[in-house]
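Reproduced below: my_file31.cif, with mmCIF, C-alpha atoms and all ligand atoms.
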data_final
loop_
_atom_site.label_atom_id
_atom_site.label_comp_id
_atom_site.auth_asym_id
_atom_site.auth_seq_id
_atom_site.Cartn_x
_atom_site.Cartn_y
_atom_site.Cartn_z
CA MET A 1 -11.10 15.10 11.40
CA GLU A 2 -9.48 15.84 14.72
CA ARG A 3 -6.78 13.60 16.02
CA ILE A 4 -7.07 12.55 19.64
CA ASN A 5 -3.76 10.80 20.04
CA ARG A 6 -0.90 9.26 18.13
CA ILE A 7 2.00 7.04 19.15
CA ARG A 8 4.88 5.41 17.32
CA ILE A 9 7.05 2.76 18.92
CA GLU A 10 10.01 0.81 17.67
CA MET A 11 10.75 -2.66 18.99
CA LEU A 12 13.13 -5.47 18.22
CA CYS A 13 11.74 -8.54 16.46
CA ARG A 14 11.65 -10.58 19.66
CA SER A 15 8.75 -12.86 20.51
CA GLU A 16 8.04 -11.18 23.87
CA ASN A 17 7.18 -7.98 22.02
CA GLU A 18 3.98 -9.52 20.68
CA ALA A 19 2.42 -9.36 24.16
CA LEU A 20 3.87 -5.88 24.65
CA ALA A 21 2.30 -4.63 21.40
CA ARG A 22 -1.14 -6.12 22.08
CA ASN A 23 -1.25 -4.57 25.54
CA ILE A 24 -0.10 -1.17 24.28
CA ALA A 25 -2.91 -1.38 21.72
CA ALA A 26 -5.45 -2.04 24.49
CA VAL A 27 -4.21 0.82 26.70
CA PHE A 28 -4.09 3.21 23.75
CA THR A 29 -7.67 2.33 22.79
CA ALA A 30 -9.13 2.55 26.31
CA PRO A 31 -9.79 6.36 26.37
CA LEU A 32 -12.06 5.95 23.33
CA ASP A 33 -14.37 3.83 25.48
CA PRO A 34 -14.46 0.73 23.30
CA THR A 35 -16.52 -2.34 24.13
CA VAL A 36 -14.72 -5.36 25.62
CA GLU A 37 -15.26 -7.11 22.30
CA GLU A 38 -13.70 -4.26 20.32
CA VAL A 39 -10.62 -4.25 22.56
CA THR A 40 -10.25 -8.01 22.11
CA GLU A 41 -10.57 -7.69 18.35
CA ILE A 42 -7.98 -4.89 18.14
CA LYS A 43 -5.56 -6.75 20.43
CA THR A 44 -5.91 -9.92 18.40
CA ALA A 45 -5.40 -8.17 15.06
CA VAL A 46 -2.33 -6.33 16.38
CA SER A 47 -0.99 -9.60 17.77
CA GLU A 48 -1.30 -11.28 14.38
CA ALA A 49 0.38 -8.42 12.51
CA VAL A 50 3.23 -8.06 15.02
CA SER A 51 3.80 -11.81 15.27
CA ASN A 52 4.06 -11.94 11.48
CA ALA A 53 6.73 -9.23 11.53
CA ILE A 54 8.58 -11.04 14.32
CA LEU A 55 8.32 -14.52 12.78
CA HIS A 56 8.41 -13.98 9.04
CA ALA A 57 10.18 -10.69 8.30
CA TYR A 58 13.69 -11.45 9.45
CA ARG A 59 15.78 -14.53 8.81
CA GLU A 60 17.23 -16.28 11.81
CA ASP A 61 20.56 -14.47 11.61
CA MET A 62 18.92 -11.06 11.19
CA GLU A 63 17.57 -8.79 13.87
CA GLY A 64 15.60 -5.82 12.68
CA PRO A 65 13.04 -3.32 13.88
CA VAL A 66 9.28 -3.58 14.05
CA TYR A 67 7.41 -0.26 14.15
CA MET A 68 3.90 0.15 15.48
CA GLU A 69 2.01 3.35 14.98
CA MET A 70 -1.44 4.05 16.37
CA GLU A 71 -3.67 6.98 15.67
CA ALA A 72 -7.07 7.73 17.21
CA LEU A 73 -9.49 10.15 15.59
CA ASP A 74 -12.39 11.81 17.38
CA SER A 75 -14.81 9.98 15.10
CA GLY A 76 -13.83 6.80 16.97
CA ARG A 77 -11.66 5.58 14.14
CA ILE A 78 -8.42 3.83 15.03
CA ILE A 79 -5.64 3.46 12.49
CA ILE A 80 -2.78 1.10 13.26
CA THR A 81 0.28 0.40 11.15
CA ILE A 82 2.76 -2.39 11.75
CA GLU A 83 5.90 -2.06 9.68
CA ASP A 84 9.11 -4.04 9.28
CA GLU A 85 12.26 -3.78 7.16
CA GLY A 86 12.49 -7.49 6.49
CA VAL A 87 12.34 -9.84 3.51
CA GLY A 88 8.94 -8.66 2.27
CA ILE A 89 6.18 -10.73 0.65
CA GLN A 90 6.49 -11.89 -2.97
CA ASP A 91 2.77 -12.35 -3.58
CA VAL A 92 0.57 -10.42 -1.15
CA LYS A 93 -2.70 -11.73 -2.60
CA GLN A 94 -1.60 -15.32 -2.11
CA ALA A 95 -0.20 -14.60 1.39
CA MET A 96 -3.59 -13.22 2.44
CA GLU A 97 -5.51 -16.32 1.37
CA PRO A 98 -6.93 -18.38 4.25
CA LEU A 99 -4.62 -21.25 5.29
CA PHE A 100 -1.68 -20.03 3.18
CA THR A 101 1.58 -20.18 5.10
CA THR A 102 5.24 -20.38 4.23
CA GLY A 103 5.86 -21.62 7.78
CA ASP A 104 5.74 -25.10 9.24
CA LYS A 105 2.16 -26.29 8.65
CA ARG A 106 2.14 -28.08 12.01
CA GLU A 107 2.91 -24.82 13.82
CA ARG A 108 1.35 -22.12 11.66
CA SER A 109 -2.35 -21.79 10.90
CA GLY A 110 -2.01 -19.54 7.88
CA MET A 111 -5.01 -17.65 9.28
CA GLY A 112 -3.29 -14.47 10.51
CA PHE A 113 -4.42 -12.19 7.68
CA THR A 114 -7.89 -13.76 7.72
CA VAL A 115 -8.20 -13.00 11.45
CA MET A 116 -7.03 -9.40 10.87
CA GLU A 117 -9.57 -9.00 8.06
CA SER A 118 -12.46 -10.35 10.10
CA PHE A 119 -11.74 -8.25 13.20
CA MET A 120 -10.94 -4.93 11.54
CA ASP A 121 -13.01 -2.85 9.11
CA LYS A 122 -10.16 -2.58 6.66
CA ILE A 123 -6.69 -4.00 6.19
CA GLN A 124 -4.12 -2.91 3.67
CA VAL A 125 -0.86 -4.74 3.02
CA GLU A 126 2.01 -3.09 1.17
CA SER A 127 5.17 -5.08 0.70
CA THR A 128 8.37 -4.85 -1.29
CA PRO A 129 10.54 -7.97 -1.50
CA GLY A 130 13.89 -7.25 0.14
CA LYS A 131 12.62 -3.99 1.66
CA GLY A 132 9.85 -4.87 4.08
CA THR A 133 6.16 -4.96 4.79
CA LYS A 134 3.60 -2.46 6.06
CA VAL A 135 0.22 -3.59 7.34
CA THR A 136 -2.44 -0.95 7.97
CA LEU A 137 -5.40 -1.89 10.16
CA ILE A 138 -8.42 0.39 10.44
CA LYS A 139 -11.40 0.07 12.73
CA SER A 140 -14.19 2.47 13.67
CA LEU A 141 -15.52 1.93 17.16
CA ASP A 142 -19.29 1.53 17.34
CA ARG A 143 -19.94 3.94 20.16
CA ILE A 144 -17.80 6.61 21.70
CA HIS A 145 -18.34 8.56 24.87
CA GLY A 146 -16.53 11.43 26.45
CA PHE A 147 -15.38 13.22 23.31
N1 LIG B 201 5.77 -9.17 7.88
C1 LIG B 201 5.92 -10.21 7.02
N2 LIG B 201 7.11 -10.39 6.36
C2 LIG B 201 7.28 -11.42 5.51
N3 LIG B 201 6.32 -12.34 5.22
C3 LIG B 201 5.13 -12.21 5.83
C4 LIG B 201 4.86 -11.15 6.76
N4 LIG B 201 3.59 -11.29 7.20
C5 LIG B 201 3.10 -12.37 6.58
N5 LIG B 201 4.00 -12.94 5.76
C6 LIG B 201 3.78 -14.11 4.88
O1 LIG B 201 2.38 -14.34 4.75
C7 LIG B 201 2.07 -15.67 5.15
C8 LIG B 201 0.68 -15.74 5.73
O2 LIG B 201 0.60 -15.03 6.98
P1 LIG B 201 -0.51 -15.45 8.04
O3 LIG B 201 -1.85 -15.41 7.37
O4 LIG B 201 -0.34 -14.62 9.25
O5 LIG B 201 -0.19 -16.98 8.37
P2 LIG B 201 1.00 -17.62 9.25
O6 LIG B 201 1.64 -16.53 10.05
O7 LIG B 201 0.32 -18.65 10.12
O8 LIG B 201 1.96 -18.22 8.27
C9 LIG B 201 3.19 -16.09 6.08
O9 LIG B 201 3.36 -17.49 6.16
C10 LIG B 201 4.40 -15.38 5.45
O10 LIG B 201 4.89 -16.11 4.36
MG MG B 202 0.65 -15.06 11.04
#

Could you render the structure from this file as structure tokens?
Ligand SMILES: Nc1ncnc2c1ncn2[C@@H]1O[C@H](COP(=O)(O)OP(=O)(O)O)[C@@H](O)[C@H]1O
Ligand SMILES: [Mg+2]
Amino acid sequence: MERINRIRIEMLCRSENEALARNIAAVFTAPLDPTVEEVTEIKTAVSEAVSNAILHAYREDMEGPVYMEMEALDSGRIIITIEDEGVGIQDVKQAMEPLFTTGDKRERSGMGFTVMESFMDKIQVESTPGKGTKVTLIKSLDRIHGF
């Protein structure tokens, strides 16, 4: 399978980088001629994964990196990984359940992973407590033109 493009960026775990990441995802995806709906779905999934890394990975006194990698294949498949070197997740299965949150229930919906799952074809979460978390998001675009 031929690779069309690949990027890897490193950002600090700062809240403004959520908007940065979702817009990079949209611009990266544009040459594959996605539908408006597909772009919205990819942006939203990336937003959820990056906001999790920003909000949950590092304790208040820590500042660590968040990596985003995007790869586009000529089949129309887009593979995105969001990775941090933070606290990790003790129980990934439980964390992925709808409404589960370790955050403040008044502020957090606990629906981030559920949103990622519904908007992408596949999501994989690998996490090691004390080492960090890697979320892989995969989506195949329905129609591609120009390649
Ligand atoms: N990158 C991460 N590092 C550490 N914990 C995480 C990470 N991503 C998710 N989690 C854990 O998984 C839980 C569920 O995430 P999510 O479904 O996005 O809900 P929410 O962000 O609203 O809490 C979070 O509350 C947090 O405990
Ligand atoms: Mg979340």

Nearby residues, ligand MG 202 (chain B), 6 Å, all atoms listed in the file, as a compact mmCIF listing (two decimals) with C-alpha atoms, in the coordinates of the input:
# COMPACT_ATOMS: atom_id res chain seq x y z
CA GLU A 48 -1.30 -11.28 14.38
CA ASN A 52 4.06 -11.94 11.48
CA GLY A 112 -3.29 -14.47 10.51

Close residues to ligand LIG 201 (chain B) using all atoms listed in the file, limit 9 Å, as a PyMOL selection string: chain A and resi 48-58+82-92+94-105+107-116+125+127+129+132-135

Output of the above residues as a short mmCIF file (atom, residue, chain, number, x, y, z; two decimals), in the coordinates of the input, restricted to C-alpha atoms:
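Printed below is out.cif as written:
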data_model
loop_
_atom_site.label_atom_id
_atom_site.label_comp_id
_atom_site.auth_asym_id
_atom_site.auth_seq_id
_atom_site.Cartn_x
_atom_site.Cartn_y
_atom_site.Cartn_z
CA GLU A 48 -1.30 -11.28 14.38
CA ALA A 49 0.38 -8.42 12.51
CA VAL A 50 3.23 -8.06 15.02
CA SER A 51 3.80 -11.81 15.27
CA ASN A 52 4.06 -11.94 11.48
CA ALA A 53 6.73 -9.23 11.53
CA ILE A 54 8.58 -11.04 14.32
CA LEU A 55 8.32 -14.52 12.78
CA HIS A 56 8.41 -13.98 9.04
CA ALA A 57 10.18 -10.69 8.30
CA TYR A 58 13.69 -11.45 9.45
CA ILE A 82 2.76 -2.39 11.75
CA GLU A 83 5.90 -2.06 9.68
CA ASP A 84 9.11 -4.04 9.28
CA GLU A 85 12.26 -3.78 7.16
CA GLY A 86 12.49 -7.49 6.49
CA VAL A 87 12.34 -9.84 3.51
CA GLY A 88 8.94 -8.66 2.27
CA ILE A 89 6.18 -10.73 0.65
CA GLN A 90 6.49 -11.89 -2.97
CA ASP A 91 2.77 -12.35 -3.58
CA VAL A 92 0.57 -10.42 -1.15
CA GLN A 94 -1.60 -15.32 -2.11
CA ALA A 95 -0.20 -14.60 1.39
CA MET A 96 -3.59 -13.22 2.44
CA GLU A 97 -5.51 -16.32 1.37
CA PRO A 98 -6.93 -18.38 4.25
CA LEU A 99 -4.62 -21.25 5.29
CA PHE A 100 -1.68 -20.03 3.18
CA THR A 101 1.58 -20.18 5.10
CA THR A 102 5.24 -20.38 4.23
CA GLY A 103 5.86 -21.62 7.78
CA ASP A 104 5.74 -25.10 9.24
CA LYS A 105 2.16 -26.29 8.65
CA GLU A 107 2.91 -24.82 13.82
CA ARG A 108 1.35 -22.12 11.66
CA SER A 109 -2.35 -21.79 10.90
CA GLY A 110 -2.01 -19.54 7.88
CA MET A 111 -5.01 -17.65 9.28
CA GLY A 112 -3.29 -14.47 10.51
CA PHE A 113 -4.42 -12.19 7.68
CA THR A 114 -7.89 -13.76 7.72
CA VAL A 115 -8.20 -13.00 11.45
CA MET A 116 -7.03 -9.40 10.87
CA VAL A 125 -0.86 -4.74 3.02
CA SER A 127 5.17 -5.08 0.70
CA PRO A 129 10.54 -7.97 -1.50
CA GLY A 132 9.85 -4.87 4.08
CA THR A 133 6.16 -4.96 4.79
CA LYS A 134 3.60 -2.46 6.06
CA VAL A 135 0.22 -3.59 7.34
#

Å distance separating CA of Arg6 (chain A) from CA of Ile24 (chain A), one decimal place: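 Spanning CA of Arg6 (chain A) to CA of Ile24 (chain A) is a straight-line distance of 12.1 Å.
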
Distance query Leu32 (chain A) at most 12 Å, all atoms listed in the file, self and fewer than 6 positions along chain excluded, as a list in words: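 Here the qualifying residues turn out to be Arg3, Ile4, Asn5, Ala25, Ala26, Glu38, Val39, Glu71, Ala72, Leu73, Asp74, Ser75, Gly76, Arg77, Ile78, Ser140, Leu141, Asp142, Arg143, Ile144, His145, Gly146 and Phe147 of chain A.
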
Now that the selection is made, can you save its residues with C-alpha atoms as a PDB file, in the frame of the given file?
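Full text of out-v2.pdb as output:
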ATOM      1  CA  ARG A   3      -6.780  13.600  16.020  1.00  0.00           C
ATOM      2  CA  ILE A   4      -7.070  12.550  19.640  1.00  0.00           C
ATOM      3  CA  ASN A   5      -3.760  10.800  20.040  1.00  0.00           C
ATOM      4  CA  ALA A  25      -2.910  -1.380  21.720  1.00  0.00           C
ATOM      5  CA  ALA A  26      -5.450  -2.040  24.490  1.00  0.00           C
ATOM      6  CA  GLU A  38     -13.700  -4.260  20.320  1.00  0.00           C
ATOM      7  CA  VAL A  39     -10.620  -4.250  22.560  1.00  0.00           C
ATOM      8  CA  GLU A  71      -3.670   6.980  15.670  1.00  0.00           C
ATOM      9  CA  ALA A  72      -7.070   7.730  17.210  1.00  0.00           C
ATOM     10  CA  LEU A  73      -9.490  10.150  15.590  1.00  0.00           C
ATOM     11  CA  ASP A  74     -12.390  11.810  17.380  1.00  0.00           C
ATOM     12  CA  SER A  75     -14.810   9.980  15.100  1.00  0.00           C
ATOM     13  CA  GLY A  76     -13.830   6.800  16.970  1.00  0.00           C
ATOM     14  CA  ARG A  77     -11.660   5.580  14.140  1.00  0.00           C
ATOM     15  CA  ILE A  78      -8.420   3.830  15.030  1.00  0.00           C
ATOM     16  CA  SER A 140     -14.190   2.470  13.670  1.00  0.00           C
ATOM     17  CA  LEU A 141     -15.520   1.930  17.160  1.00  0.00           C
ATOM     18  CA  ASP A 142     -19.290   1.530  17.340  1.00  0.00           C
ATOM     19  CA  ARG A 143     -19.940   3.940  20.160  1.00  0.00           C
ATOM     20  CA  ILE A 144     -17.800   6.610  21.700  1.00  0.00           C
ATOM     21  CA  HIS A 145     -18.340   8.560  24.870  1.00  0.00           C
ATOM     22  CA  GLY A 146     -16.530  11.430  26.450  1.00  0.00           C
ATOM     23  CA  PHE A 147     -15.380  13.220  23.310  1.00  0.00           C
TER      24      PHE A 147
END

Among listed residues A:Asp121, A:Thr128, A:Ser47, A:Thr136, nearest Ile79 (chain A) (using all atoms listed in the file):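 Checking each candidate against Ile79 (chain A), we get A:Thr136 as the closest.
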
Six-sided padding of 5 Å per side, axis-aligned box over region 92-95 of chain A, centre and edges in Å, one decimal, as lines of an AutoDock Vina configuration file:
center_x = -1.1
center_y = -12.9
center_z = -0.6
size_x = 13.3
size_y = 14.9
size_z = 14.0

Contacts of Glu69 (chain A) within 8 Å, only C-alpha atoms, excl. fewer than 4 positions in-chain, as a list in words: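 My reading of the contact set: Arg6, Ile7, Arg8, Ile9, Ile80, Thr81 and Ile82 of chain A.
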
Two-atom distance - CA of Arg22 (chain A), CA of Met70 (chain A) (Å):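 Separating CA of Arg22 (chain A) from CA of Met70 (chain A) is a distance of 11.7 Å.
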
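Interatomic distance, CA of Asp61 (chain A) against CA of Ser15 (chain A): 14.9 Å.
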
Residue with smallest distance to Cys13 (chain A) - pool A:Val66, A:Leu137, A:Ile123, A:Ala45, counting only C-alpha atoms: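 Result for the nearest residue to Cys13 (chain A): A:Val66.
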
Subset file as an mmCIF file, in the first residue's frame: region 28-40 of chain A, all heavy atoms:
data_model
loop_
_atom_site.group_PDB
_atom_site.id
_atom_site.type_symbol
_atom_site.label_atom_id
_atom_site.label_comp_id
_atom_site.auth_asym_id
_atom_site.auth_seq_id
_atom_site.Cartn_x
_atom_site.Cartn_y
_atom_site.Cartn_z
ATOM 1 N N PHE A 28 -4.363 18.169 6.911
ATOM 2 C CA PHE A 28 -3.658 16.971 6.444
ATOM 3 C C PHE A 28 -4.588 16.087 5.602
ATOM 4 O O PHE A 28 -4.171 15.486 4.607
ATOM 5 C CB PHE A 28 -3.144 16.168 7.648
ATOM 6 C CG PHE A 28 -2.385 14.922 7.276
ATOM 7 C CD1 PHE A 28 -1.016 14.970 7.071
ATOM 8 C CD2 PHE A 28 -3.044 13.703 7.114
ATOM 9 C CE1 PHE A 28 -0.313 13.824 6.718
ATOM 10 C CE2 PHE A 28 -2.351 12.560 6.756
ATOM 11 C CZ PHE A 28 -0.985 12.619 6.558
ATOM 12 N N THR A 29 -5.847 16.018 6.023
ATOM 13 C CA THR A 29 -6.820 15.140 5.380
ATOM 14 C C THR A 29 -7.342 15.699 4.052
ATOM 15 O O THR A 29 -7.733 14.942 3.156
ATOM 16 C CB THR A 29 -8.003 14.888 6.352
ATOM 17 O OG1 THR A 29 -7.468 14.470 7.613
ATOM 18 C CG2 THR A 29 -8.935 13.808 5.849
ATOM 19 N N ALA A 30 -7.329 17.021 3.925
ATOM 20 C CA ALA A 30 -7.945 17.689 2.766
ATOM 21 C C ALA A 30 -7.532 17.138 1.385
ATOM 22 O O ALA A 30 -8.402 16.942 0.532
ATOM 23 C CB ALA A 30 -7.684 19.195 2.841
ATOM 24 N N PRO A 31 -6.240 16.861 1.135
ATOM 25 C CA PRO A 31 -5.847 16.365 -0.195
ATOM 26 C C PRO A 31 -6.465 15.017 -0.564
ATOM 27 O O PRO A 31 -6.467 14.635 -1.727
ATOM 28 C CB PRO A 31 -4.315 16.242 -0.102
ATOM 29 C CG PRO A 31 -3.928 17.116 1.027
ATOM 30 C CD PRO A 31 -5.073 17.082 1.998
ATOM 31 N N LEU A 32 -6.979 14.297 0.423
ATOM 32 C CA LEU A 32 -7.613 13.001 0.137
ATOM 33 C C LEU A 32 -9.075 13.173 -0.272
ATOM 34 O O LEU A 32 -9.778 12.190 -0.487
ATOM 35 C CB LEU A 32 -7.530 12.106 1.375
ATOM 36 C CG LEU A 32 -6.131 11.580 1.679
ATOM 37 C CD1 LEU A 32 -5.930 11.446 3.165
ATOM 38 C CD2 LEU A 32 -5.922 10.250 0.990
ATOM 39 N N ASP A 33 -9.509 14.410 -0.358
ATOM 40 C CA ASP A 33 -10.868 14.740 -0.775
ATOM 41 C C ASP A 33 -11.949 14.064 0.077
ATOM 42 O O ASP A 33 -12.815 13.362 -0.440
ATOM 43 C CB ASP A 33 -11.053 14.389 -2.266
ATOM 44 C CG ASP A 33 -12.176 15.195 -2.887
ATOM 45 O OD1 ASP A 33 -12.664 16.146 -2.231
ATOM 46 O OD2 ASP A 33 -12.591 14.860 -4.006
ATOM 47 N N PRO A 34 -11.889 14.292 1.362
ATOM 48 C CA PRO A 34 -12.904 13.704 2.245
ATOM 49 C C PRO A 34 -14.218 14.481 2.154
ATOM 50 O O PRO A 34 -14.233 15.611 1.656
ATOM 51 C CB PRO A 34 -12.293 13.905 3.633
ATOM 52 C CG PRO A 34 -11.489 15.161 3.486
ATOM 53 C CD PRO A 34 -10.952 15.160 2.078
ATOM 54 N N THR A 35 -15.291 13.894 2.625
ATOM 55 C CA THR A 35 -16.547 14.642 2.724
ATOM 56 C C THR A 35 -16.441 15.572 3.944
ATOM 57 O O THR A 35 -15.586 15.387 4.811
ATOM 58 C CB THR A 35 -17.746 13.698 2.939
ATOM 59 O OG1 THR A 35 -17.571 13.024 4.192
ATOM 60 C CG2 THR A 35 -17.850 12.680 1.812
ATOM 61 N N VAL A 36 -17.334 16.568 3.983
ATOM 62 C CA VAL A 36 -17.359 17.498 5.123
ATOM 63 C C VAL A 36 -17.579 16.711 6.421
ATOM 64 O O VAL A 36 -16.960 16.979 7.449
ATOM 65 C CB VAL A 36 -18.481 18.548 4.925
ATOM 66 C CG1 VAL A 36 -18.645 19.407 6.182
ATOM 67 C CG2 VAL A 36 -18.176 19.433 3.728
ATOM 68 N N GLU A 37 -18.453 15.718 6.324
ATOM 69 C CA GLU A 37 -18.756 14.891 7.498
ATOM 70 C C GLU A 37 -17.514 14.127 7.976
ATOM 71 O O GLU A 37 -17.231 14.075 9.177
ATOM 72 C CB GLU A 37 -19.872 13.913 7.127
ATOM 73 C CG GLU A 37 -20.535 13.300 8.339
ATOM 74 C CD GLU A 37 -21.622 12.304 7.955
ATOM 75 O OE1 GLU A 37 -21.835 12.065 6.742
ATOM 76 O OE2 GLU A 37 -22.234 11.758 8.873
ATOM 77 N N GLU A 38 -16.768 13.570 7.025
ATOM 78 C CA GLU A 38 -15.562 12.817 7.397
ATOM 79 C C GLU A 38 -14.531 13.720 8.081
ATOM 80 O O GLU A 38 -13.896 13.318 9.059
ATOM 81 C CB GLU A 38 -14.948 12.147 6.154
ATOM 82 C CG GLU A 38 -15.711 10.918 5.706
ATOM 83 C CD GLU A 38 -15.307 10.416 4.328
ATOM 84 O OE1 GLU A 38 -14.795 11.210 3.489
ATOM 85 O OE2 GLU A 38 -15.524 9.224 4.064
ATOM 86 N N VAL A 39 -14.376 14.940 7.555
ATOM 87 C CA VAL A 39 -13.427 15.881 8.171
ATOM 88 C C VAL A 39 -13.867 16.200 9.603
ATOM 89 O O VAL A 39 -13.050 16.198 10.528
ATOM 90 C CB VAL A 39 -13.312 17.198 7.363
ATOM 91 C CG1 VAL A 39 -12.376 18.172 8.072
ATOM 92 C CG2 VAL A 39 -12.789 16.925 5.967
ATOM 93 N N THR A 40 -15.157 16.441 9.775
ATOM 94 C CA THR A 40 -15.678 16.743 11.116
ATOM 95 C C THR A 40 -15.443 15.575 12.072
ATOM 96 O O THR A 40 -15.043 15.768 13.222
ATOM 97 C CB THR A 40 -17.192 17.054 11.044
ATOM 98 O OG1 THR A 40 -17.374 18.109 10.101
ATOM 99 C CG2 THR A 40 -17.733 17.480 12.387
#
